[in-house]
file structure-v6.cif (mmCIF, C-alpha atoms and all ligand atoms)
data_model
#
loop_
_atom_site.label_atom_id
_atom_site.label_comp_id
_atom_site.auth_asym_id
_atom_site.auth_seq_id
_atom_site.Cartn_x
_atom_site.Cartn_y
_atom_site.Cartn_z
CA MET A 1 10.78 2.43 -9.86
CA SER A 2 10.27 3.07 -6.22
CA ASP A 3 7.32 1.79 -4.21
CA TYR A 4 4.66 1.69 -6.93
CA HIS A 5 2.36 -1.29 -7.31
CA PHE A 6 -1.01 -1.24 -9.06
CA PRO A 7 -3.48 -0.47 -7.62
CA TYR A 8 -1.63 2.09 -5.54
CA LEU A 9 -3.71 2.60 -2.41
CA SER A 10 -1.31 3.89 0.17
CA PRO A 11 -2.72 5.83 3.13
CA ARG A 12 0.74 7.23 3.92
CA GLN A 13 2.40 9.15 1.12
CA THR A 14 3.87 12.26 2.64
CA ARG A 15 6.28 11.25 5.34
CA THR A 16 9.69 9.75 4.86
CA GLY A 17 9.84 7.69 8.04
CA GLU A 18 7.83 6.62 11.04
CA PRO A 19 7.38 9.34 13.64
CA ASN A 20 8.87 8.46 17.01
CA ALA A 21 6.82 8.16 20.20
CA TRP A 22 7.57 11.73 21.25
CA GLN A 23 6.46 13.13 17.88
CA LEU A 24 3.19 11.19 18.10
CA GLU A 25 2.55 12.46 21.63
CA LEU A 26 3.33 15.98 20.52
CA ALA A 27 0.92 15.77 17.57
CA ASN A 28 -1.83 14.47 19.86
CA ALA A 29 -1.12 17.19 22.43
CA ILE A 30 -1.29 19.92 19.78
CA GLU A 31 -4.61 18.57 18.48
CA ALA A 32 -5.96 18.52 22.05
CA VAL A 33 -4.85 22.11 22.61
CA PHE A 34 -6.52 23.19 19.35
CA THR A 35 -9.68 21.31 20.30
CA LYS A 36 -9.84 23.30 23.53
CA GLY A 37 -9.93 26.43 21.39
CA ALA A 38 -6.35 27.71 21.21
CA GLN A 39 -5.77 29.74 18.06
CA GLU A 40 -2.94 32.14 18.80
CA LEU A 41 0.67 31.09 19.22
CA ASP A 42 0.83 32.04 22.94
CA GLU A 43 -2.35 30.07 23.64
CA VAL A 44 -0.86 27.00 21.96
CA VAL A 45 2.38 27.35 23.91
CA ALA A 46 0.48 27.80 27.21
CA GLY A 47 -1.65 24.74 26.39
CA LEU A 48 1.38 22.60 25.64
CA ASN A 49 2.99 23.64 28.90
CA GLN A 50 0.01 22.11 30.68
CA SER A 51 0.49 18.84 28.79
CA ARG A 52 2.94 16.05 29.60
CA VAL A 53 4.94 16.61 26.42
CA ARG A 54 8.20 18.49 26.88
CA PRO A 55 10.29 20.23 24.20
CA PRO A 56 13.32 18.24 22.96
CA SER A 57 15.67 20.11 25.28
CA GLY A 58 13.34 19.70 28.27
CA GLY A 59 11.96 22.60 30.29
CA GLU A 60 9.18 24.90 29.15
CA TRP A 61 7.67 25.45 25.72
CA THR A 62 8.25 28.97 24.42
CA ALA A 63 7.07 30.65 21.23
CA GLU A 64 10.61 30.31 19.92
CA ASN A 65 11.25 26.64 20.61
CA PHE A 66 7.72 25.71 19.46
CA LYS A 67 8.16 27.52 16.15
CA ALA A 68 11.59 25.96 15.66
CA VAL A 69 10.33 22.43 16.36
CA MET A 70 7.35 22.85 14.02
CA HIS A 71 9.59 24.26 11.33
CA GLU A 72 11.85 21.25 11.56
CA LEU A 73 9.06 18.68 11.63
CA GLY A 74 6.62 20.35 9.28
CA VAL A 75 8.79 20.81 6.19
CA MET B 1 -36.39 13.79 -25.05
CA ASN B 2 -38.23 11.56 -27.43
CA VAL B 3 -36.31 8.74 -29.02
CA ALA B 4 -37.79 9.13 -32.50
CA THR B 5 -36.57 12.73 -32.79
CA THR B 6 -33.05 11.80 -31.75
CA ILE B 7 -32.85 9.13 -34.41
CA ASP B 8 -34.28 11.43 -37.08
CA ARG B 9 -31.82 14.16 -36.27
CA THR B 10 -28.82 11.82 -36.42
CA ARG B 11 -29.96 10.59 -39.81
CA ALA B 12 -30.51 14.06 -41.16
CA THR B 13 -26.96 15.16 -40.31
CA SER B 14 -25.05 11.97 -40.90
CA THR B 15 -21.65 13.68 -40.92
CA ALA B 16 -22.08 15.20 -37.47
CA PRO B 17 -20.82 12.95 -34.67
CA THR B 18 -23.59 10.99 -33.01
CA ASP B 19 -24.10 10.98 -29.26
CA GLN B 20 -22.72 7.44 -29.25
CA GLN B 21 -19.56 8.56 -31.05
CA VAL B 22 -19.14 11.45 -28.63
CA GLN B 23 -19.54 9.17 -25.63
CA ALA B 24 -17.16 6.60 -27.13
CA TYR B 25 -14.58 9.33 -27.71
CA LEU B 26 -14.88 10.49 -24.11
CA ARG B 27 -14.30 7.04 -22.67
CA THR B 28 -10.55 7.50 -22.69
CA GLY B 29 -10.59 11.19 -21.83
CA LEU B 30 -10.82 14.61 -23.40
CA ARG B 31 -7.91 15.61 -25.63
CA ASN B 32 -6.15 18.95 -25.92
CA ARG B 33 -5.69 19.23 -22.20
CA TRP B 34 -2.83 18.81 -19.73
CA TRP B 35 -3.30 15.81 -17.47
CA PRO B 36 -1.27 14.73 -14.43
CA ILE B 37 -0.03 11.22 -15.16
CA LEU B 38 2.11 10.12 -12.21
CA PRO B 39 3.65 11.48 -9.00
CA SER B 40 7.18 12.73 -9.69
CA ARG B 41 8.58 10.67 -6.86
CA PHE B 42 7.79 7.40 -8.66
CA ILE B 43 10.35 8.13 -11.38
CA GLU B 44 13.93 8.35 -10.21
CA ALA B 45 16.83 9.75 -12.22
CA GLY B 46 18.53 7.07 -14.26
CA ALA B 47 16.16 4.36 -13.04
CA LYS B 48 14.41 1.79 -15.21
CA PRO B 49 11.91 3.23 -17.68
CA PHE B 50 8.34 2.84 -16.52
CA GLY B 51 5.35 1.85 -18.67
CA ILE B 52 1.75 2.94 -18.04
CA MET B 53 -1.50 3.64 -19.90
CA ARG B 54 -2.97 7.13 -19.83
CA LEU B 55 -5.93 8.26 -21.94
CA GLY B 56 -5.79 4.82 -23.49
CA GLU B 57 -2.29 5.45 -24.81
CA PRO B 58 0.73 3.34 -23.80
CA LEU B 59 3.42 5.60 -22.36
CA VAL B 60 7.02 5.11 -21.31
CA ILE B 61 8.27 7.52 -18.65
CA TRP B 62 11.90 7.93 -17.75
CA ARG B 63 14.15 10.45 -16.10
CA ASP B 64 17.51 11.21 -17.69
CA SER B 65 20.73 11.48 -15.71
CA ALA B 66 20.26 15.26 -15.46
CA GLY B 67 16.89 14.69 -13.78
CA ALA B 68 14.60 15.75 -16.64
CA VAL B 69 11.51 13.64 -17.17
CA HIS B 70 10.50 12.32 -20.61
CA VAL B 71 7.17 10.86 -21.67
CA GLN B 72 7.00 8.95 -24.95
CA THR B 73 4.89 6.36 -26.71
CA ASP B 74 5.77 3.00 -25.26
CA ARG B 75 6.62 1.35 -28.58
CA CYS B 76 9.97 0.68 -30.11
CA PRO B 77 10.11 2.10 -33.65
CA HIS B 78 11.61 -1.16 -34.88
CA ARG B 79 9.21 -3.99 -34.02
CA ALA B 80 6.92 -2.06 -31.68
CA VAL B 81 7.65 -3.91 -28.44
CA PRO B 82 7.45 -1.78 -25.26
CA LEU B 83 10.39 0.56 -24.77
CA SER B 84 9.59 0.38 -21.06
CA ARG B 85 11.16 -3.09 -21.12
CA GLY B 86 14.37 -1.48 -22.37
CA ILE B 87 17.22 0.27 -20.62
CA ASN B 88 17.64 3.86 -19.45
CA GLU B 89 21.11 4.82 -20.71
CA GLY B 90 21.02 8.21 -18.98
CA ASP B 91 20.48 10.27 -22.11
CA ARG B 92 18.48 7.79 -24.22
CA LEU B 93 16.47 4.59 -24.08
CA ARG B 94 17.83 1.38 -25.52
CA CYS B 95 15.33 -1.23 -26.63
CA ASN B 96 16.07 -4.61 -25.13
CA TYR B 97 15.02 -6.57 -28.22
CA HIS B 98 17.59 -5.53 -30.87
CA GLY B 99 19.28 -2.60 -29.17
CA VAL B 100 17.78 0.34 -31.09
CA GLU B 101 18.50 3.60 -29.24
CA VAL B 102 15.94 6.41 -28.97
CA GLY B 103 16.66 9.94 -27.72
CA PRO B 104 14.51 12.16 -25.50
CA ASP B 105 12.99 13.90 -28.54
CA GLY B 106 12.03 10.58 -30.14
CA THR B 107 14.87 10.48 -32.68
CA VAL B 108 16.41 7.09 -33.42
CA LEU B 109 20.05 7.64 -32.49
CA LYS B 110 21.47 4.25 -33.33
CA VAL B 111 20.55 0.94 -34.94
CA PRO B 112 23.43 -1.21 -33.66
CA GLY B 113 22.60 -4.26 -35.79
CA GLN B 114 22.69 -2.30 -39.02
CA PRO B 115 24.66 0.96 -38.84
CA GLY B 116 23.59 3.51 -41.46
CA CYS B 117 20.08 2.04 -41.57
CA PRO B 118 17.53 4.67 -42.77
CA LEU B 119 15.78 4.50 -39.41
CA GLU B 120 18.75 6.35 -37.87
CA GLY B 121 18.09 10.07 -37.52
CA LYS B 122 14.33 9.64 -37.91
CA LYS B 123 11.99 11.10 -35.35
CA ALA B 124 10.10 7.89 -34.95
CA VAL B 125 8.74 7.91 -31.39
CA LYS B 126 6.01 10.31 -30.33
CA THR B 127 7.22 12.50 -27.48
CA TYR B 128 4.66 14.18 -25.23
CA PRO B 129 5.18 17.71 -23.91
CA SER B 130 5.55 17.28 -20.16
CA ARG B 131 6.39 19.28 -17.08
CA GLU B 132 6.51 18.74 -13.35
CA ILE B 133 4.24 20.73 -11.07
CA ALA B 134 3.66 20.33 -7.33
CA GLY B 135 5.07 16.81 -7.22
CA ALA B 136 3.39 15.41 -10.33
CA ILE B 137 4.27 14.90 -13.99
CA PHE B 138 1.79 16.74 -16.23
CA THR B 139 1.55 15.74 -19.87
CA TRP B 140 -0.16 17.33 -22.85
CA PHE B 141 -2.46 15.01 -24.78
CA GLY B 142 -3.08 16.83 -28.03
CA ASP B 143 -5.09 15.47 -30.94
CA ALA B 144 -3.73 15.42 -34.51
CA LEU B 145 -4.48 19.15 -34.83
CA HIS B 146 -2.96 20.18 -31.51
CA GLU B 147 0.26 18.30 -31.05
CA ASP B 148 2.02 21.39 -29.71
CA ALA B 149 1.15 22.21 -26.14
CA PRO B 150 -0.01 25.64 -25.08
CA ASP B 151 1.39 27.01 -21.85
CA PHE B 152 -0.17 25.57 -18.76
CA GLU B 153 -1.34 27.93 -16.06
CA PRO B 154 -1.68 25.58 -13.08
CA PRO B 155 -4.29 26.16 -10.37
CA GLU B 156 -2.90 28.75 -7.95
CA GLN B 157 -3.39 26.32 -5.04
CA LEU B 158 -0.58 24.19 -6.50
CA VAL B 159 1.96 26.92 -7.16
CA ALA B 160 1.27 30.12 -5.21
CA PRO B 161 3.44 30.57 -2.09
CA GLU B 162 0.49 31.41 0.14
CA TYR B 163 -0.69 27.82 -0.20
CA SER B 164 0.77 24.71 1.33
CA GLN B 165 -0.04 21.40 -0.33
CA PHE B 166 0.35 17.63 -0.23
CA LEU B 167 -0.32 15.34 -3.16
CA CYS B 168 -2.37 12.22 -2.61
CA TYR B 169 -2.25 9.73 -5.49
CA ALA B 170 -4.40 6.63 -6.03
CA ASP B 171 -5.32 4.14 -8.74
CA TRP B 172 -9.07 3.76 -8.95
CA GLU B 173 -10.67 0.92 -10.89
CA MET B 174 -13.56 2.87 -12.40
CA ALA B 175 -14.36 5.02 -15.43
CA TRP B 176 -12.75 8.47 -15.09
CA ARG B 177 -15.86 10.54 -15.63
CA TYR B 178 -17.61 9.23 -12.54
CA ALA B 179 -14.83 10.62 -10.39
CA TYR B 180 -15.60 14.09 -11.77
CA ASP B 181 -19.32 13.50 -11.28
CA ASN B 182 -18.52 12.61 -7.67
CA LEU B 183 -16.54 15.83 -7.17
CA MET B 184 -19.41 17.87 -8.64
CA ASP B 185 -21.85 16.29 -6.21
CA PRO B 186 -21.31 18.07 -2.88
CA MET B 187 -24.42 16.57 -1.28
CA HIS B 188 -22.80 13.15 -1.04
CA GLY B 189 -20.55 14.59 1.68
CA THR B 190 -23.45 14.85 4.11
CA PHE B 191 -24.35 11.18 3.67
CA LEU B 192 -21.39 9.13 2.44
CA HIS B 193 -18.91 11.03 4.62
CA ALA B 194 -21.14 11.62 7.63
CA ASN B 195 -18.85 9.35 9.64
CA SER B 196 -15.71 11.30 8.88
CA HIS B 197 -13.58 13.69 10.89
CA THR B 198 -14.83 16.68 8.90
CA MET B 199 -18.20 16.22 7.22
CA TYR B 200 -20.68 15.52 9.98
CA GLN B 201 -22.24 19.00 10.15
CA GLY B 202 -24.89 20.99 8.31
CA GLU B 203 -28.33 20.49 6.82
CA THR B 204 -29.21 17.18 5.20
CA GLN B 205 -31.47 19.01 2.76
CA ALA B 206 -30.30 21.68 0.38
CA HIS B 207 -31.10 23.65 -2.69
CA PHE B 208 -28.24 24.08 -5.12
CA VAL B 209 -27.41 26.87 -7.54
CA THR B 210 -24.83 27.23 -10.28
CA ARG B 211 -22.67 30.27 -10.86
CA ASP B 212 -20.46 30.86 -13.92
CA THR B 213 -16.77 31.68 -13.72
CA PRO B 214 -14.39 32.63 -16.57
CA HIS B 215 -13.21 29.00 -16.84
CA GLY B 216 -16.04 26.93 -15.51
CA PHE B 217 -18.73 27.09 -12.89
CA PHE B 218 -19.54 26.76 -9.23
CA PHE B 219 -22.17 24.35 -7.99
CA GLU B 220 -23.07 25.37 -4.46
CA LYS B 221 -25.58 25.06 -1.66
CA ASP B 222 -27.89 28.01 -1.44
CA GLY B 223 -27.47 29.57 2.02
CA GLN B 224 -24.85 27.27 3.54
CA ARG B 225 -21.15 28.06 3.40
CA ASP B 226 -18.15 26.85 5.42
CA VAL B 227 -20.14 24.19 7.25
CA ASN B 228 -19.75 20.98 5.29
CA PHE B 229 -18.70 20.10 1.73
CA ASP B 230 -20.92 22.94 0.46
CA TRP B 231 -19.61 23.75 -2.99
CA SER B 232 -17.52 22.53 -5.91
CA GLU B 233 -15.91 24.50 -8.66
CA PHE B 234 -15.37 22.86 -12.01
CA VAL B 235 -12.48 24.40 -13.95
CA ASP B 236 -11.44 23.89 -17.55
CA HIS B 237 -8.30 25.98 -17.84
CA ASP B 238 -5.71 24.11 -19.94
CA ALA B 239 -6.72 21.09 -17.80
CA LEU B 240 -9.88 19.72 -16.21
CA TYR B 241 -10.05 19.87 -12.44
CA VAL B 242 -12.36 20.49 -9.52
CA ARG B 243 -11.72 22.65 -6.49
CA LEU B 244 -13.58 22.37 -3.26
CA GLU B 245 -13.24 23.21 0.41
CA ILE B 246 -14.22 21.46 3.56
CA PRO B 247 -14.04 23.19 6.97
CA TYR B 248 -11.78 21.56 9.51
CA PRO B 249 -12.89 20.72 13.01
CA LYS B 250 -11.24 22.78 15.76
CA SER B 251 -8.50 20.14 16.14
CA GLY B 252 -7.21 21.13 12.69
CA GLY B 253 -5.99 24.38 14.19
CA PRO B 254 -6.02 27.89 12.75
CA GLY B 255 -5.50 28.46 9.04
CA GLY B 256 -8.91 28.13 7.47
CA ASN B 257 -10.59 25.49 5.39
CA PHE B 258 -9.09 22.35 4.01
CA GLY B 259 -9.03 22.53 0.24
CA ILE B 260 -8.83 19.91 -2.48
CA VAL B 261 -7.76 20.31 -6.08
CA GLY B 262 -8.78 17.07 -7.76
CA PHE B 263 -7.93 15.57 -11.14
CA ALA B 264 -8.96 12.11 -12.35
CA THR B 265 -6.80 11.14 -15.30
CA PRO B 266 -8.20 8.33 -17.43
CA ALA B 267 -5.85 5.36 -17.68
CA ASP B 268 -8.15 3.42 -19.98
CA GLU B 269 -11.94 3.06 -20.23
CA ASN B 270 -12.27 1.42 -16.84
CA ASN B 271 -9.41 2.81 -14.73
CA LEU B 272 -8.24 6.21 -13.62
CA ALA B 273 -5.32 7.81 -11.85
CA ALA B 274 -6.60 10.03 -9.03
CA PHE B 275 -4.66 13.13 -8.02
CA PHE B 276 -5.95 14.92 -4.97
CA TRP B 277 -3.88 17.82 -3.82
CA ARG B 278 -4.81 18.64 -0.26
CA VAL B 279 -4.20 22.34 0.21
CA ARG B 280 -4.47 25.00 2.84
CA LYS B 281 -3.93 28.74 2.59
CA VAL B 282 -1.70 29.07 5.60
CA SER B 283 1.65 30.56 6.55
CA GLY B 284 4.29 30.82 9.28
CA TRP B 285 3.98 28.60 12.37
CA GLN B 286 0.41 27.70 11.39
CA ARG B 287 1.69 26.28 8.11
CA ASP B 288 4.46 24.28 9.79
CA THR B 289 2.08 22.99 12.45
CA TRP B 290 -0.53 21.92 9.88
CA ARG B 291 2.15 20.10 7.91
CA PHE B 292 3.41 18.32 10.99
CA LEU B 293 -0.12 17.30 12.04
CA TYR B 294 -0.96 16.25 8.50
CA LYS B 295 2.02 13.94 8.22
CA THR B 296 1.57 12.44 11.68
CA ASN B 297 -2.19 12.30 12.28
CA LEU B 298 -4.36 13.81 9.55
CA GLU B 299 -3.22 12.00 6.41
CA PRO B 300 -4.80 8.62 7.25
CA ARG B 301 -8.04 10.35 8.27
CA HIS B 302 -8.24 12.12 4.91
CA TRP B 303 -7.37 8.84 3.24
CA HIS B 304 -10.25 7.14 5.02
CA VAL B 305 -12.66 9.71 3.51
CA LEU B 306 -11.26 9.11 0.03
CA GLU B 307 -11.66 5.37 0.49
CA GLN B 308 -15.38 5.92 1.14
CA ASP B 309 -15.58 7.51 -2.32
CA ARG B 310 -13.54 4.77 -3.95
CA GLU B 311 -15.54 1.99 -2.39
CA ILE B 312 -18.94 3.38 -3.40
CA LEU B 313 -17.77 3.94 -6.98
CA ALA B 314 -15.55 0.89 -7.38
CA GLY B 315 -15.97 -0.84 -10.70
CA VAL B 316 -18.44 1.59 -12.31
CA LYS B 317 -18.18 1.31 -16.06
CA PRO B 318 -19.27 3.62 -18.86
CA GLY B 319 -23.01 3.47 -19.48
CA LEU B 320 -24.24 4.00 -15.91
CA GLU B 321 -26.25 7.02 -17.13
CA LYS B 322 -28.96 5.00 -18.80
CA HIS B 323 -30.08 3.62 -15.42
CA GLU B 324 -30.19 6.94 -13.56
CA MET B 325 -33.10 9.13 -12.40
CA LEU B 326 -31.53 12.46 -11.50
CA TYR B 327 -32.93 15.21 -9.27
CA GLN B 328 -32.09 18.82 -8.40
CA HIS B 329 -28.90 17.93 -6.49
CA ASP B 330 -27.52 16.46 -9.70
CA ALA B 331 -27.67 19.70 -11.67
CA GLY B 332 -23.88 20.08 -11.34
CA VAL B 333 -23.33 16.59 -12.69
CA ILE B 334 -25.72 17.21 -15.60
CA ARG B 335 -24.02 20.46 -16.49
CA LEU B 336 -20.56 18.90 -16.31
CA ARG B 337 -21.58 16.01 -18.57
CA ARG B 338 -23.16 18.33 -21.09
CA TYR B 339 -20.03 20.47 -21.11
CA LEU B 340 -17.68 17.53 -21.68
CA ALA B 341 -19.89 16.22 -24.48
CA GLN B 342 -19.83 19.66 -26.14
CA GLN B 343 -16.06 19.80 -25.94
CA ALA B 344 -15.66 16.28 -27.30
CA ARG B 345 -18.10 17.01 -30.13
CA LYS B 346 -16.17 20.14 -31.05
CA GLN B 347 -12.91 18.17 -31.24
CA LEU B 348 -14.49 15.43 -33.35
CA VAL B 349 -15.97 17.95 -35.80
CA GLU B 350 -12.65 19.78 -36.16
CA LEU B 351 -10.81 16.53 -36.80
CA GLN B 352 -13.41 15.41 -39.33
CA THR B 353 -13.34 18.75 -41.13
CA ALA B 354 -9.56 18.57 -41.37
CA GLY B 355 -9.83 15.03 -42.72
CA LYS B 356 -8.12 13.58 -39.65
CA GLY B 357 -11.20 12.04 -38.06
S1 LIG C 401 12.00 -4.06 -31.43
FE1 LIG C 401 13.20 -2.64 -30.42
S2 LIG C 401 15.10 -2.94 -31.31
FE2 LIG C 401 13.90 -4.32 -32.38
FE FE C 402 -16.39 12.23 -1.39
#
call {"tool": "encode", "arguments": {"input": "structure-v6.cif", "output": "structure tokens"}}
result
Amino acid sequence: MSDYHFPYLSPRQTRTGEPNAWQLELANAIEAVFTKGAQELDEVVAGLNQSRVRPPSGGEWTAENFKAVMHELGV
Amino acid sequence: MNVATTIDRTRATSTAPTDQQVQAYLRTGLRNRWWPILPSRFIEAGAKPFGIMRLGEPLVIWRDSAGAVHVQTDRCPHRAVPLSRGINEGDRLRCNYHGVEVGPDGTVLKVPGQPGCPLEGKKAVKTYPSREIAGAIFTWFGDALHEDAPDFEPPEQLVAPEYSQFLCYADWEMAWRYAYDNLMDPMHGTFLHANSHTMYQGETQAHFVTRDTPHGFFFEKDGQRDVNFDWSEFVDHDALYVRLEIPYPKSGGPGGNFGIVGFATPADENNLAAFFWRVRKVSGWQRDTWRFLYKTNLEPRHWHVLEQDREILAGVKPGLEKHEMLYQHDAGVIRLRRYLAQQARKQLVELQTAGKG
């Protein structure tokens, strides 16, 4: 029996660990970019490049590294 | 309806189930349906058996060493103590009282205190047909005439690859039917959830219409779509569930509405197990991005909305209906209640006719 206690009222059920500070900043930056109206991949990438959040390897966000990072974190 | 006529009619057909009997039957759920009983992740392979109540029945759930889940009546065939207090031996349960061993099909495999005892080889523990879908254990609760489960065709939102989903599970201390009423009451979104990240838009007045589907019906706002919580679809297709959609704010990104597939499984008369699958029809980088945002930022916001529902309904017990004065917005609730009563009545009549009532 894992983490079950009645009544089970857990607001966090889908992630396995705490996100780190960079992941939280990235999530907030993506939401901000969406809020400004970005819909297409290139618009999201351009928006992120104007934010303070850098990709894990540093440098610029590209369609490729953005997709790869999301794929890793979004599973 | 006039009270005198109701009484007369019940007297005239004394063998037909009364409204009271129908309502009493429904208090622990409708039979002959698949119900989700617990998230899969709560039951680990080889771990201690776990005891819970569902539809008023005590169940023991355990996962064998090969990973298959088993759901059985939580009573030892010997002296009826809970098997969930026993031991998971990997391919069987061993009762902790006198060591009787029960297999995954309910057969008594061994009576260690008295080898050769007639209990050995007997199928003495009821075993419920069960399967795992989208992160939850689904179990068939058949009545005496329907112990064998028909195939279950799950809602496409839980199994089709074009959808991405997360399961949210909660124990709610309230009678199960009011959770379905709540799901079939879209107008509460505009008021109860006005202070939420999604449901602040749209008209505060609405006219609702119903629309039939092959397995249920839609209850929807006339002339407003994709603005707020504007419609609900009740489905009775091997299982009872409600589908609905709520548009995301811009911050939710591309990928369309946020969907919910909701089940409220009765635990007993006054408690339910809530299963809300949060779904989105989304693919590629949009899917991955939604999942990342959901896990980091969105999940607690959705949880906050669900807590508003739980808090307003907390503690409601069967019998609420006699104090209500319903209006047009409650037509979905009325129709749902009438439907469930019809289904329950049908089951009671069939059981009675077969002499199993
Ligand atoms: S009660 Fe289970 S072995 Fe006796
Ligand atoms: Fe709600």
call {"tool": "residues_near_ligand", "arguments": {"input": "structure-v6.cif", "ligand": "ligand FE 402 (chain C)", "cutoff": "9 Å", "atoms": "all atoms listed in the file", "output": "ChimeraX atom specification"}}
result
/B:182-183,185-186,188-189,192-193,229,305-310
call {"tool": "interface_residues", "arguments": {"input": "structure-v6.cif", "of": "chain B", "to": "chain A", "cutoff": "7 Å", "atoms": "only C-alpha atoms", "output": "JSON list (two decimals) with C-alpha atoms, in the frame of the given file"}}
result
[["chain", "number", "residue", "atom", "x", "y", "z"],
["B", 42, "PHE", "CA", 7.79, 7.40, -8.66],
["B", 43, "ILE", "CA", 10.35, 8.13, -11.38],
["B", 44, "GLU", "CA", 13.93, 8.35, -10.21],
["B", 47, "ALA", "CA", 16.16, 4.36, -13.04],
["B", 48, "LYS", "CA", 14.41, 1.79, -15.21],
["B", 168, "CYS", "CA", -2.37, 12.22, -2.61],
["B", 170, "ALA", "CA", -4.40, 6.63, -6.03],
["B", 171, "ASP", "CA", -5.32, 4.14, -8.74],
["B", 250, "LYS", "CA", -11.24, 22.78, 15.76],
["B", 251, "SER", "CA", -8.50, 20.14, 16.14],
["B", 252, "GLY", "CA", -7.21, 21.13, 12.69],
["B", 253, "GLY", "CA", -5.99, 24.38, 14.19],
["B", 254, "PRO", "CA", -6.02, 27.89, 12.75],
["B", 285, "TRP", "CA", 3.98, 28.60, 12.37],
["B", 288, "ASP", "CA", 4.46, 24.28, 9.79],
["B", 289, "THR", "CA", 2.08, 22.99, 12.45],
["B", 291, "ARG", "CA", 2.15, 20.10, 7.91],
["B", 292, "PHE", "CA", 3.41, 18.32, 10.99],
["B", 293, "LEU", "CA", -0.12, 17.30, 12.04],
["B", 295, "LYS", "CA", 2.02, 13.94, 8.22],
["B", 296, "THR", "CA", 1.57, 12.44, 11.68],
["B", 299, "GLU", "CA", -3.22, 12.00, 6.41],
["B", 300, "PRO", "CA", -4.80, 8.62, 7.25],
["B", 303, "TRP", "CA", -7.37, 8.84, 3.24]]
call {"tool": "closest_residue", "arguments": {"input": "structure-v6.cif", "among": "B:Tyr294, B:Tyr128, B:Tyr327, B:Trp277", "to": "B:Val159", "atoms": "all atoms listed in the file"}}
result
B:Trp277
call {"tool": "residues_around", "arguments": {"input": "structure-v6.cif", "residues": "B:Thr107", "least_positions_apart": "6", "cutoff": "7 Å", "atoms": "only C-alpha atoms", "output": "JSON, numbers by chain"}}
result
{"B": [121, 122, 123, 124, 125]}
call {"tool": "residues_near_ligand", "arguments": {"input": "structure-v6.cif", "ligand": "ligand LIG 401 (chain C)", "cutoff": "12 Å", "atoms": "all atoms listed in the file", "output": "PyMOL selection string"}}
result
chain B and resi 74-87+93-102+108-114+119-120+124-125
call {"tool": "atom_distance", "arguments": {"input": "structure-v6.cif", "atom1": "atom CA of B:Arg335", "atom2": "atom CA of B:Ala175"}}
result
18.2 Å
call {"tool": "atom_distance", "arguments": {"input": "structure-v6.cif", "atom1": "atom CA of B:Ile52", "atom2": "atom CA of B:Asn270"}}
result
14.2 Å
call {"tool": "residues_around", "arguments": {"input": "structure-v6.cif", "residues": "A:Gly59", "least_positions_apart": "4", "cutoff": "12 Å", "atoms": "only C-alpha atoms", "output": "number ranges by chain"}}
result
A: 48-50, 52-55, 65
call {"tool": "atom_distance", "arguments": {"input": "structure-v6.cif", "atom1": "atom CA of B:Glu162", "atom2": "atom CA of B:Gln286"}}
result
11.8 Å
call {"tool": "axis_aligned_box", "arguments": {"input": "structure-v6.cif", "around": "stretch 222-227 of chain B", "padding_each_side": "8 Å", "output": "lines of an AutoDock Vina configuration file"}}
result
center_x = -23.0
center_y = 26.9
center_z = 2.9
size_x = 25.7
size_y = 21.4
size_z = 24.7
call {"tool": "closest_residue", "arguments": {"input": "structure-v6.cif", "among": "B:Ala149, B:Ala273, B:Leu59, B:Val22", "to": "B:Ala136", "atoms": "all atoms listed in the file"}}
result
B:Ala273
